[in-house]
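Student: Pasting start-v2.cif here (mmCIF, C-alpha atoms and all ligand atoms):
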```cif
data_upload
loop_
_atom_site.label_atom_id
_atom_site.label_comp_id
_atom_site.auth_asym_id
_atom_site.auth_seq_id
_atom_site.Cartn_x
_atom_site.Cartn_y
_atom_site.Cartn_z
CA MET J 11 -26.93 -47.12 14.06
CA LYS J 12 -28.93 -44.16 15.39
CA GLU J 13 -29.01 -41.37 12.85
CA LYS J 14 -27.47 -38.08 14.01
CA LYS J 15 -29.81 -35.12 14.19
CA TYR J 16 -28.40 -31.71 13.41
CA ILE J 17 -29.40 -28.26 14.55
CA PHE J 18 -28.00 -25.19 12.83
CA SER J 19 -27.63 -21.58 13.91
CA GLY J 20 -25.27 -18.65 13.48
CA ILE J 21 -24.36 -15.14 14.53
CA GLN J 22 -22.95 -12.36 12.38
CA PRO J 23 -19.49 -11.12 13.36
CA SER J 24 -20.85 -7.58 13.19
CA GLY J 25 -19.98 -6.50 16.71
CA ALA J 26 -19.93 -7.58 20.33
CA ILE J 27 -22.28 -10.38 21.29
CA HIS J 28 -24.98 -9.02 23.58
CA LEU J 29 -27.66 -10.19 26.01
CA GLY J 30 -30.17 -10.54 23.15
CA ASN J 31 -27.86 -12.85 21.19
CA TYR J 32 -27.13 -14.77 24.37
CA PHE J 33 -30.66 -15.35 25.64
CA GLY J 34 -32.23 -15.59 22.17
CA ALA J 35 -29.64 -17.92 20.69
CA ILE J 36 -26.41 -19.05 22.39
CA LYS J 37 -27.88 -20.10 25.74
CA GLN J 38 -30.20 -22.56 24.07
CA TRP J 39 -27.44 -23.81 21.74
CA VAL J 40 -25.52 -24.85 24.84
CA GLU J 41 -28.49 -26.79 26.18
CA LEU J 42 -29.39 -28.33 22.81
CA GLN J 43 -25.91 -29.68 22.15
CA LYS J 44 -26.64 -32.32 24.81
CA GLU J 45 -29.30 -33.84 22.56
CA TYR J 46 -28.25 -32.86 19.05
CA THR J 47 -25.11 -32.28 17.05
CA GLY J 48 -24.85 -28.52 16.87
CA ILE J 49 -23.60 -26.78 13.75
CA PHE J 50 -22.82 -23.22 14.80
CA SER J 51 -21.48 -20.86 12.22
CA ILE J 52 -19.97 -17.39 12.36
CA VAL J 53 -21.79 -15.99 9.39
CA ASP J 54 -19.36 -13.52 7.85
CA TYR J 55 -21.05 -13.53 4.42
CA HIS J 56 -24.20 -12.23 6.12
CA ALA J 57 -22.28 -9.54 7.99
CA ILE J 58 -21.00 -7.96 4.75
CA THR J 59 -24.50 -7.31 3.39
CA VAL J 60 -24.50 -3.91 5.15
CA ASN J 61 -21.72 -1.35 5.59
CA TYR J 62 -18.89 -2.85 7.63
CA ASN J 63 -15.22 -2.33 8.38
CA PRO J 64 -13.01 -4.89 6.55
CA GLN J 65 -10.09 -4.15 8.89
CA LYS J 66 -12.11 -5.30 11.89
CA LEU J 67 -13.76 -8.37 10.40
CA GLN J 68 -11.07 -10.97 11.18
CA ARG J 69 -10.79 -9.82 14.78
CA ARG J 70 -14.57 -9.97 15.19
CA ILE J 71 -14.63 -13.50 13.81
CA LEU J 72 -12.08 -14.62 16.38
CA GLU J 73 -13.97 -12.85 19.14
CA ALA J 74 -17.21 -14.56 18.11
CA ALA J 75 -15.45 -17.94 18.21
CA ALA J 76 -14.16 -17.16 21.70
CA ASP J 77 -17.66 -16.02 22.71
CA TYR J 78 -19.24 -19.27 21.53
CA ILE J 79 -16.74 -21.44 23.39
CA ALA J 80 -16.60 -19.31 26.54
CA ALA J 81 -20.41 -19.42 26.70
CA GLY J 82 -20.34 -23.22 26.70
CA ILE J 83 -20.31 -24.46 23.10
CA ASP J 84 -18.07 -27.50 23.16
CA PRO J 85 -16.05 -27.92 19.94
CA LYS J 86 -15.87 -31.66 20.63
CA LYS J 87 -19.66 -31.97 20.52
CA SER J 88 -20.54 -29.20 18.07
CA MET J 89 -19.02 -27.82 14.88
CA ILE J 90 -17.92 -24.21 15.11
CA PHE J 91 -16.82 -22.68 11.82
CA VAL J 92 -16.69 -19.57 9.68
CA GLN J 93 -19.33 -19.54 6.94
CA SER J 94 -16.92 -18.43 4.19
CA ASP J 95 -14.69 -21.45 4.93
CA VAL J 96 -17.47 -23.68 3.56
CA PRO J 97 -18.09 -22.30 0.05
CA GLU J 98 -20.96 -24.74 -0.50
CA HIS J 99 -23.16 -22.21 1.36
CA VAL J 100 -22.92 -19.67 -1.46
CA GLU J 101 -23.16 -22.28 -4.18
CA LEU J 102 -26.41 -23.68 -2.80
CA ALA J 103 -27.66 -20.12 -2.25
CA TRP J 104 -27.20 -19.48 -5.98
CA LEU J 105 -29.29 -22.55 -6.82
CA PHE J 106 -32.01 -21.32 -4.46
CA ASN J 107 -31.89 -17.88 -6.11
CA THR J 108 -33.43 -19.51 -9.14
CA ILE J 109 -36.48 -20.88 -7.34
CA ILE J 110 -37.63 -18.06 -5.10
CA PRO J 111 -39.63 -15.06 -6.36
CA VAL J 112 -38.15 -11.61 -5.63
CA SER J 113 -41.53 -10.58 -4.15
CA GLU J 114 -41.04 -13.10 -1.31
CA LEU J 115 -37.74 -11.43 -0.43
CA ARG J 116 -39.06 -7.90 -0.57
CA ARG J 117 -41.67 -8.59 2.08
CA MET J 118 -39.12 -9.69 4.71
CA THR J 119 -39.25 -7.41 7.76
CA GLN J 120 -35.47 -7.43 8.26
CA TYR J 121 -34.92 -6.34 4.65
CA LYS J 122 -37.46 -3.53 4.99
CA GLU J 123 -35.87 -2.29 8.22
CA LYS J 124 -32.23 -2.60 7.20
CA SER J 125 -32.66 -1.32 3.64
CA GLY J 126 -34.29 1.78 5.13
CA GLN J 127 -31.08 2.47 7.08
CA GLN J 128 -28.81 2.18 4.02
CA GLN J 129 -28.32 4.78 1.30
CA ALA J 130 -28.50 2.10 -1.35
CA ALA J 131 -29.41 -1.38 -0.12
CA SER J 132 -27.31 -4.11 -1.72
CA ALA J 133 -28.69 -7.11 -3.59
CA GLY J 134 -26.91 -9.12 -0.88
CA LEU J 135 -29.21 -7.64 1.75
CA LEU J 136 -32.25 -8.62 -0.29
CA ASN J 137 -30.86 -12.12 -0.84
CA TYR J 138 -29.80 -12.57 2.81
CA PRO J 139 -32.67 -15.03 3.58
CA ILE J 140 -31.67 -17.20 0.60
CA LEU J 141 -28.16 -17.57 1.97
CA MET J 142 -29.65 -18.29 5.39
CA ALA J 143 -31.84 -20.99 3.86
CA ALA J 144 -28.74 -22.52 2.27
CA ASP J 145 -26.90 -22.35 5.64
CA ILE J 146 -29.62 -24.41 7.28
CA LEU J 147 -30.71 -26.76 4.49
CA LEU J 148 -27.15 -27.82 3.57
CA TYR J 149 -27.05 -29.72 6.86
CA LYS J 150 -30.61 -31.03 6.73
CA ALA J 151 -30.94 -29.48 10.18
CA ILE J 152 -34.17 -30.39 11.92
CA GLY J 153 -34.16 -27.34 14.19
CA VAL J 154 -32.96 -23.75 14.14
CA PRO J 155 -32.53 -22.14 17.57
CA VAL J 156 -32.90 -18.39 16.99
CA GLY J 157 -34.50 -15.26 18.39
CA GLU J 158 -37.99 -14.12 17.40
CA ASP J 159 -36.68 -11.75 14.72
CA GLN J 160 -35.51 -14.72 12.66
CA ILE J 161 -38.81 -16.64 12.61
CA GLN J 162 -39.81 -15.15 9.26
CA HIS J 163 -36.51 -16.21 7.68
CA VAL J 164 -36.87 -19.77 8.94
CA GLU J 165 -40.39 -19.87 7.51
CA LEU J 166 -38.99 -18.79 4.15
CA THR J 167 -36.37 -21.53 4.49
CA ARG J 168 -39.19 -24.05 4.89
CA THR J 169 -40.87 -22.64 1.78
CA ILE J 170 -37.63 -22.94 -0.21
CA ALA J 171 -37.17 -26.56 0.93
CA ARG J 172 -40.77 -27.39 -0.02
CA ASN J 173 -40.55 -25.67 -3.42
CA PHE J 174 -37.27 -27.39 -4.25
CA ASN J 175 -38.50 -30.84 -3.20
CA ARG J 176 -41.71 -30.42 -5.18
CA LYS J 177 -39.96 -29.18 -8.31
CA PHE J 178 -36.90 -31.42 -8.43
CA GLY J 179 -37.44 -34.29 -5.97
CA LYS J 180 -36.86 -34.68 -2.28
CA VAL J 181 -33.52 -33.50 -0.94
CA PHE J 182 -34.28 -31.13 1.91
CA ILE J 183 -35.89 -31.31 5.34
CA GLU J 184 -38.20 -28.51 6.51
CA PRO J 185 -36.62 -27.31 9.77
CA SER J 186 -38.50 -26.07 12.84
CA VAL J 187 -37.81 -22.85 14.71
CA ILE J 188 -36.62 -23.42 18.27
CA LEU J 189 -37.39 -20.45 20.52
CA SER J 190 -36.18 -19.83 24.04
CA ARG J 191 -37.62 -17.80 26.91
CA GLY J 192 -35.57 -14.70 26.05
CA SER J 193 -36.38 -14.68 22.36
CA ARG J 194 -36.94 -10.93 22.12
CA ILE J 195 -34.82 -8.71 24.36
CA MET J 196 -35.32 -5.02 23.75
CA SER J 197 -32.80 -2.17 23.61
CA LEU J 198 -32.00 -0.54 26.97
CA ALA J 199 -31.89 2.95 25.48
CA ASP J 200 -34.90 2.58 23.18
CA PRO J 201 -37.10 -0.32 24.33
CA LYS J 202 -39.36 0.00 21.30
CA LYS J 203 -36.52 -1.52 19.28
CA LYS J 204 -34.94 -4.95 19.60
CA MET J 205 -31.55 -5.03 21.35
CA SER J 206 -29.13 -4.97 18.46
CA LYS J 207 -25.42 -4.54 17.77
CA SER J 208 -25.96 -1.99 15.04
CA LEU J 209 -28.03 0.39 17.19
CA GLY J 210 -24.93 1.44 19.14
CA GLU J 211 -23.17 0.87 22.46
CA LYS J 212 -25.76 2.30 24.86
CA HIS J 213 -28.49 0.03 23.47
CA TYR J 214 -26.98 -3.26 24.49
CA ILE J 215 -25.05 -5.02 27.22
CA ALA J 216 -22.22 -6.99 25.63
CA LEU J 217 -21.26 -10.19 27.41
CA SER J 218 -17.72 -8.83 27.31
CA ASP J 219 -18.55 -5.41 28.82
CA SER J 220 -16.57 -4.60 31.97
CA PRO J 221 -18.52 -4.54 35.27
CA LYS J 222 -18.26 -0.74 35.24
CA VAL J 223 -19.78 -0.50 31.76
CA MET J 224 -22.52 -3.02 32.59
CA ARG J 225 -23.51 -0.97 35.67
CA LYS J 226 -23.45 2.30 33.75
CA LYS J 227 -25.64 0.92 30.95
CA PHE J 228 -28.19 -0.62 33.30
CA MET J 229 -28.36 2.52 35.45
CA SER J 230 -29.11 4.61 32.33
CA ALA J 231 -31.76 2.20 30.97
CA VAL J 232 -34.93 3.96 29.83
CA THR J 233 -37.94 3.01 31.95
CA ASP J 234 -40.68 5.48 31.13
CA THR J 235 -41.42 5.28 27.42
CA GLY J 236 -45.01 6.41 27.72
CA VAL J 237 -46.02 3.21 25.95
CA THR J 238 -47.40 0.31 27.98
CA MET J 239 -47.39 -3.38 27.29
CA HIS J 240 -51.07 -4.13 26.85
CA GLU J 241 -51.54 -7.12 29.17
CA LYS J 242 -48.91 -6.40 31.76
CA LYS J 243 -49.52 -2.65 32.04
CA LYS J 244 -45.80 -2.07 32.46
CA SER J 245 -44.08 0.41 30.19
CA LEU J 246 -41.96 -1.25 27.49
CA GLY J 247 -38.72 -0.35 29.29
CA VAL J 248 -39.87 -1.72 32.65
CA TYR J 249 -41.33 -4.80 31.02
CA ASN J 250 -37.96 -5.48 29.35
CA LEU J 251 -36.08 -5.04 32.65
CA PHE J 252 -38.44 -7.53 34.32
CA GLU J 253 -37.82 -9.97 31.46
CA LEU J 254 -34.09 -9.69 32.11
CA LEU J 255 -34.65 -10.02 35.84
CA ASP J 256 -36.52 -13.24 35.22
CA LEU J 257 -33.68 -14.55 33.04
CA MET J 258 -30.83 -13.50 35.30
CA THR J 259 -32.06 -13.87 38.87
CA ASP J 260 -34.19 -16.25 40.95
CA PRO J 261 -38.00 -16.41 41.44
CA LYS J 262 -37.73 -14.88 44.91
CA THR J 263 -36.03 -11.74 43.58
CA VAL J 264 -38.56 -11.47 40.73
CA ALA J 265 -41.44 -11.82 43.21
CA LYS J 266 -39.96 -9.11 45.43
CA PHE J 267 -39.82 -6.57 42.58
CA GLU J 268 -43.24 -7.64 41.24
CA LYS J 269 -44.67 -6.91 44.68
CA GLN J 270 -42.97 -3.51 44.74
CA TYR J 271 -44.34 -2.81 41.27
CA GLN J 272 -47.90 -3.88 42.08
CA SER J 273 -47.97 -1.69 45.18
CA GLY J 274 -46.69 1.29 43.19
CA LYS J 275 -43.42 1.40 45.13
CA LEU J 276 -40.96 0.09 42.60
CA SER J 277 -37.45 1.40 43.20
CA TYR J 278 -35.98 1.72 39.71
CA LYS J 279 -32.57 2.29 41.22
CA GLU J 280 -32.71 -0.94 43.21
CA LEU J 281 -34.08 -2.87 40.23
CA LYS J 282 -31.29 -1.61 37.96
CA GLU J 283 -28.60 -2.26 40.56
CA THR J 284 -29.89 -5.81 41.02
CA LEU J 285 -29.79 -6.37 37.27
CA ALA J 286 -26.30 -4.93 36.94
CA GLU J 287 -24.95 -7.13 39.73
CA ALA J 288 -26.70 -10.19 38.29
CA SER J 289 -25.17 -9.66 34.86
CA VAL J 290 -21.69 -8.99 36.27
CA ARG J 291 -21.97 -12.25 38.24
CA MET J 292 -23.45 -14.22 35.36
CA PHE J 293 -20.66 -13.35 32.91
CA SER J 294 -17.56 -13.11 35.11
CA SER J 295 -16.27 -16.63 34.45
CA PHE J 296 -17.32 -16.26 30.79
CA GLN J 297 -15.09 -13.20 30.56
CA GLU J 298 -12.09 -14.97 32.08
CA LYS J 299 -12.49 -17.89 29.71
CA ARG J 300 -12.91 -15.57 26.73
CA LYS J 301 -9.73 -13.68 27.59
CA GLU J 302 -7.81 -16.91 27.88
CA LEU J 303 -9.15 -18.17 24.52
CA LEU J 304 -8.27 -14.93 22.76
CA SER J 305 -4.72 -15.11 24.05
CA ASP J 306 -4.15 -18.19 21.86
CA GLU J 307 -5.20 -17.17 18.38
CA LYS J 308 -3.58 -20.24 16.79
CA LYS J 309 -5.66 -22.62 18.89
CA LEU J 310 -8.87 -20.75 18.06
CA ARG J 311 -8.05 -20.83 14.34
CA LYS J 312 -7.44 -24.57 14.57
CA ILE J 313 -10.87 -25.11 16.19
CA LEU J 314 -12.46 -23.14 13.35
CA GLU J 315 -10.55 -25.10 10.70
CA ASP J 316 -11.56 -28.44 12.23
CA GLY J 317 -15.18 -27.29 12.46
CA ALA J 318 -15.14 -26.21 8.81
CA SER J 319 -13.66 -29.46 7.59
CA LYS J 320 -16.34 -31.51 9.42
CA ALA J 321 -19.13 -29.22 8.24
CA ARG J 322 -17.82 -29.28 4.69
CA LYS J 323 -18.14 -33.04 4.40
CA ILE J 324 -21.87 -32.83 5.12
CA ALA J 325 -22.31 -29.73 2.97
CA GLN J 326 -20.61 -31.25 -0.08
CA LYS J 327 -22.86 -34.29 0.04
CA THR J 328 -26.08 -32.30 0.19
CA LEU J 329 -24.96 -29.87 -2.48
CA HIS J 330 -24.14 -32.78 -4.77
CA GLU J 331 -27.63 -34.26 -4.22
CA ALA J 332 -29.25 -30.91 -5.04
CA LYS J 333 -27.14 -30.44 -8.20
CA GLU J 334 -27.97 -33.94 -9.34
CA LYS J 335 -31.68 -33.31 -8.96
CA MET J 336 -31.33 -30.06 -10.86
CA GLY J 337 -29.52 -31.77 -13.71
CA ILE J 338 -26.26 -29.91 -13.11
CA VAL J 339 -24.15 -32.98 -12.43
N1 LIG Y 1 -32.67 -8.63 20.85
C1 LIG Y 1 -32.64 -9.93 20.65
N2 LIG Y 1 -33.36 -10.77 21.42
C2 LIG Y 1 -33.32 -12.11 21.24
N3 LIG Y 1 -32.57 -12.68 20.26
C3 LIG Y 1 -31.83 -11.89 19.47
N4 LIG Y 1 -31.00 -12.14 18.44
C4 LIG Y 1 -30.50 -10.97 17.97
N5 LIG Y 1 -30.99 -9.95 18.68
C5 LIG Y 1 -31.83 -10.48 19.62
C6 LIG Y 1 -30.68 -13.46 17.94
O1 LIG Y 1 -29.28 -13.61 17.94
C7 LIG Y 1 -28.90 -14.45 16.85
C8 LIG Y 1 -27.80 -13.81 16.07
O2 LIG Y 1 -28.30 -12.70 15.40
P1 LIG Y 1 -27.48 -11.86 14.37
O3 LIG Y 1 -26.04 -12.01 14.44
O4 LIG Y 1 -28.15 -11.97 13.07
O5 LIG Y 1 -27.73 -10.63 15.07
P2 LIG Y 1 -28.71 -9.60 14.70
O6 LIG Y 1 -30.12 -10.00 14.82
O7 LIG Y 1 -28.32 -9.07 13.44
O8 LIG Y 1 -28.24 -8.88 15.90
P3 LIG Y 1 -27.98 -7.52 15.85
O9 LIG Y 1 -27.40 -7.29 17.16
O10 LIG Y 1 -29.25 -6.88 15.47
O11 LIG Y 1 -26.87 -7.37 14.74
P4 LIG Y 1 -26.84 -6.27 13.62
O12 LIG Y 1 -27.21 -5.06 14.33
O13 LIG Y 1 -25.44 -6.31 13.13
O14 LIG Y 1 -27.83 -6.67 12.60
C9 LIG Y 1 -30.16 -14.69 16.04
O15 LIG Y 1 -30.67 -15.95 16.39
C10 LIG Y 1 -31.09 -13.61 16.49
O16 LIG Y 1 -32.45 -13.99 16.38
#
```
What does this structure look like when you write it as structure tokens?

Tutor:
Amino acid sequence: MKEKKYIFSGIQPSGAIHLGNYFGAIKQWVELQKEYTGIFSIVDYHAITVNYNPQKLQRRILEAAADYIAAGIDPKKSMIFVQSDVPEHVELAWLFNTIIPVSELRRMTQYKEKSGQQQAASAGLLNYPILMAADILLYKAIGVPVGEDQIQHVELTRTIARNFNRKFGKVFIEPSVILSRGSRIMSLADPKKKMSKSLGEKHYIALSDSPKVMRKKFMSAVTDTGVTMHEKKKSLGVYNLFELLDLMTDPKTVAKFEKQYQSGKLSYKELKETLAEASVRMFSSFQEKRKELLSDEKKLRKILEDGASKARKIAQKTLHEAKEKMGIV
């Protein structure tokens, strides 16, 4: 029998899913599930490593589940589950805590950036990449489809797998990063920064934003940042809008605006309107589907429970192997 190959990825239920999450992660999950068994988690234990609102967490989890499915993740082909429903993730993370030097964690870019925004960064924020390594390695996933910002964490995951296998015997597979075309979408309001939920509303387009909001956000997108992309000579803001144009429209439209740009006659208004219309069109059926899914909370919860029970079977087996090698069982 042909052995099943898993890919693993996740999104934090820390806010509305945006164009960065979509093009960097979810869009490629949908394509990859044709070839692999996808294991797609809603990583709530990651989301609580920074300040968050406990009253909103359950709603955000349900919304993320609806987002995954409405975007095209098929619960019959892939496992969709909430990370905290599979406690093996934290148990394996603890085992990994014992084999990774603190210095490796301190040099992580995400830790440096996020700890700078917190009054007192939690140990959870420092240990975030260990939990992420456990998320991936529990399933012996061969690939991790993520955005560019997560490359460093996947590399650390590979290091953890290698260190463990060398020290205790082979259990884990070193996974590869799978990157898509839109692996680094920048903020609309501050294109020097990556588009991110935590930056605030005006920085991102949520897939669930109303057409009115999408138009407003695109029309206010910053274009002149005074900083140019070295090779392309476009400012960071314009470069980012062209990236989105490439992802959301057709080659003819891109060529038209490139021509305008090259001749120094780019109409920012027309470019932004084209982008706004393209994103309204691209996510209109997604939004209908999402609304429908959210109207049946029980059904969504059942999908998450089923996903967790399938994932747990795999997770328990791997955790047992790791504990055996470590002399714990
Ligand atoms: N701007 C982006 N461009 C491309 N990919 C992106 N991803 C995130 N932002 C971009 C990818 O989306 C997946 C889920 O990431 P996450 O839930 O960890 O989100 P994040 O990176 O934490 O996103 P935010 O919006 O920045 O959340 P907050 O602000 O709460 O931390 C990952 O594969 C990520 O690479």

Student: Step by step, measure atom-to-atom distances between ligand LIG 1 (chain Y) and each residue using only C-alpha atoms and all ligand atoms, keep those at most 9 Å, then write them as a PDB file with C-alpha atoms, keeping the file's coordinate frame.

Tutor:
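Okay, this is what ended up in out_5.pdb:
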```
ATOM      1  CA  SER J  19     -27.630 -21.580  13.910  1.00  0.00           C
ATOM      2  CA  GLY J  20     -25.270 -18.650  13.480  1.00  0.00           C
ATOM      3  CA  ILE J  21     -24.360 -15.140  14.530  1.00  0.00           C
ATOM      4  CA  GLN J  22     -22.950 -12.360  12.380  1.00  0.00           C
ATOM      5  CA  PRO J  23     -19.490 -11.120  13.360  1.00  0.00           C
ATOM      6  CA  SER J  24     -20.850  -7.580  13.190  1.00  0.00           C
ATOM      7  CA  GLY J  25     -19.980  -6.500  16.710  1.00  0.00           C
ATOM      8  CA  ALA J  26     -19.930  -7.580  20.330  1.00  0.00           C
ATOM      9  CA  ILE J  27     -22.280 -10.380  21.290  1.00  0.00           C
ATOM     10  CA  HIS J  28     -24.980  -9.020  23.580  1.00  0.00           C
ATOM     11  CA  LEU J  29     -27.660 -10.190  26.010  1.00  0.00           C
ATOM     12  CA  GLY J  30     -30.170 -10.540  23.150  1.00  0.00           C
ATOM     13  CA  ASN J  31     -27.860 -12.850  21.190  1.00  0.00           C
ATOM     14  CA  TYR J  32     -27.130 -14.770  24.370  1.00  0.00           C
ATOM     15  CA  PHE J  33     -30.660 -15.350  25.640  1.00  0.00           C
ATOM     16  CA  GLY J  34     -32.230 -15.590  22.170  1.00  0.00           C
ATOM     17  CA  ALA J  35     -29.640 -17.920  20.690  1.00  0.00           C
ATOM     18  CA  ILE J  36     -26.410 -19.050  22.390  1.00  0.00           C
ATOM     19  CA  ILE J  52     -19.970 -17.390  12.360  1.00  0.00           C
ATOM     20  CA  VAL J  53     -21.790 -15.990   9.390  1.00  0.00           C
ATOM     21  CA  HIS J  56     -24.200 -12.230   6.120  1.00  0.00           C
ATOM     22  CA  ALA J  57     -22.280  -9.540   7.990  1.00  0.00           C
ATOM     23  CA  VAL J  60     -24.500  -3.910   5.150  1.00  0.00           C
ATOM     24  CA  GLN J 120     -35.470  -7.430   8.260  1.00  0.00           C
ATOM     25  CA  LYS J 124     -32.230  -2.600   7.200  1.00  0.00           C
ATOM     26  CA  VAL J 154     -32.960 -23.750  14.140  1.00  0.00           C
ATOM     27  CA  PRO J 155     -32.530 -22.140  17.570  1.00  0.00           C
ATOM     28  CA  VAL J 156     -32.900 -18.390  16.990  1.00  0.00           C
ATOM     29  CA  GLY J 157     -34.500 -15.260  18.390  1.00  0.00           C
ATOM     30  CA  GLU J 158     -37.990 -14.120  17.400  1.00  0.00           C
ATOM     31  CA  ASP J 159     -36.680 -11.750  14.720  1.00  0.00           C
ATOM     32  CA  GLN J 160     -35.510 -14.720  12.660  1.00  0.00           C
ATOM     33  CA  ILE J 161     -38.810 -16.640  12.610  1.00  0.00           C
ATOM     34  CA  SER J 190     -36.180 -19.830  24.040  1.00  0.00           C
ATOM     35  CA  GLY J 192     -35.570 -14.700  26.050  1.00  0.00           C
ATOM     36  CA  SER J 193     -36.380 -14.680  22.360  1.00  0.00           C
ATOM     37  CA  ARG J 194     -36.940 -10.930  22.120  1.00  0.00           C
ATOM     38  CA  ILE J 195     -34.820  -8.710  24.360  1.00  0.00           C
ATOM     39  CA  MET J 196     -35.320  -5.020  23.750  1.00  0.00           C
ATOM     40  CA  SER J 197     -32.800  -2.170  23.610  1.00  0.00           C
ATOM     41  CA  LYS J 203     -36.520  -1.520  19.280  1.00  0.00           C
ATOM     42  CA  LYS J 204     -34.940  -4.950  19.600  1.00  0.00           C
ATOM     43  CA  MET J 205     -31.550  -5.030  21.350  1.00  0.00           C
ATOM     44  CA  SER J 206     -29.130  -4.970  18.460  1.00  0.00           C
ATOM     45  CA  LYS J 207     -25.420  -4.540  17.770  1.00  0.00           C
ATOM     46  CA  SER J 208     -25.960  -1.990  15.040  1.00  0.00           C
ATOM     47  CA  LEU J 209     -28.030   0.390  17.190  1.00  0.00           C
ATOM     48  CA  GLY J 210     -24.930   1.440  19.140  1.00  0.00           C
ATOM     49  CA  TYR J 214     -26.980  -3.260  24.490  1.00  0.00           C
TER      50      TYR J 214
END
```

Student: Quick one: what's the axis-aligned box for region 54-67 of chain J, all listed atoms, 4 Å on every side, centre and edges in Å to one decimal, as AutoDock Vina command-line options?

Tutor:
```
--center_x -17.3 --center_y -7.4 --center_z 7.6 --size_x 22.4 --size_y 20.2 --size_z 16.5
```

Student: Just how far from CA of Ile188 (chain J) is CA of Thr263 (chain J), in Å to one decimal?

Tutor: 27.9 Å

Student: Counting all atoms listed in the file, figure out which residue out of J:Met142, J:Ala231, J:Leu276, J:Leu285 gets nearest to Leu254 (chain J).

Tutor: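 Residue with the minimum atom-to-atom distance to Leu254 (chain J): J:Leu285.
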
Student: May I have the residues within 12 Å of Lys312 (chain J) as a count of residues only, using all atoms listed in the file and disregarding those fewer than 3 positions away in the same chain?

Tutor: 16

Student: Using only C-alpha atoms, which residue out of J:Leu281, J:Met292, J:Ile110, J:Ala199 lies closest to Lys227 (chain J)?

Tutor: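 The answer is J:Ala199, which sits nearest to Lys227 (chain J).
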
Student: One decimal, Å: what's the distance from CA of Lys301 (chain J) over to CA of Thr259 (chain J), could you say?

Tutor: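 About the pair CA of Lys301 (chain J) and CA of Thr259 (chain J): they are 25.0 Å apart.
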
Student: Closest to Gly337 (chain J) among J:Pro185, J:Gly179, J:Gly153, J:Gly82, using all atoms listed in the file?

Tutor: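 Once distances to Gly337 (chain J) are computed over all atoms listed in the file, the minimum belongs to J:Gly179.
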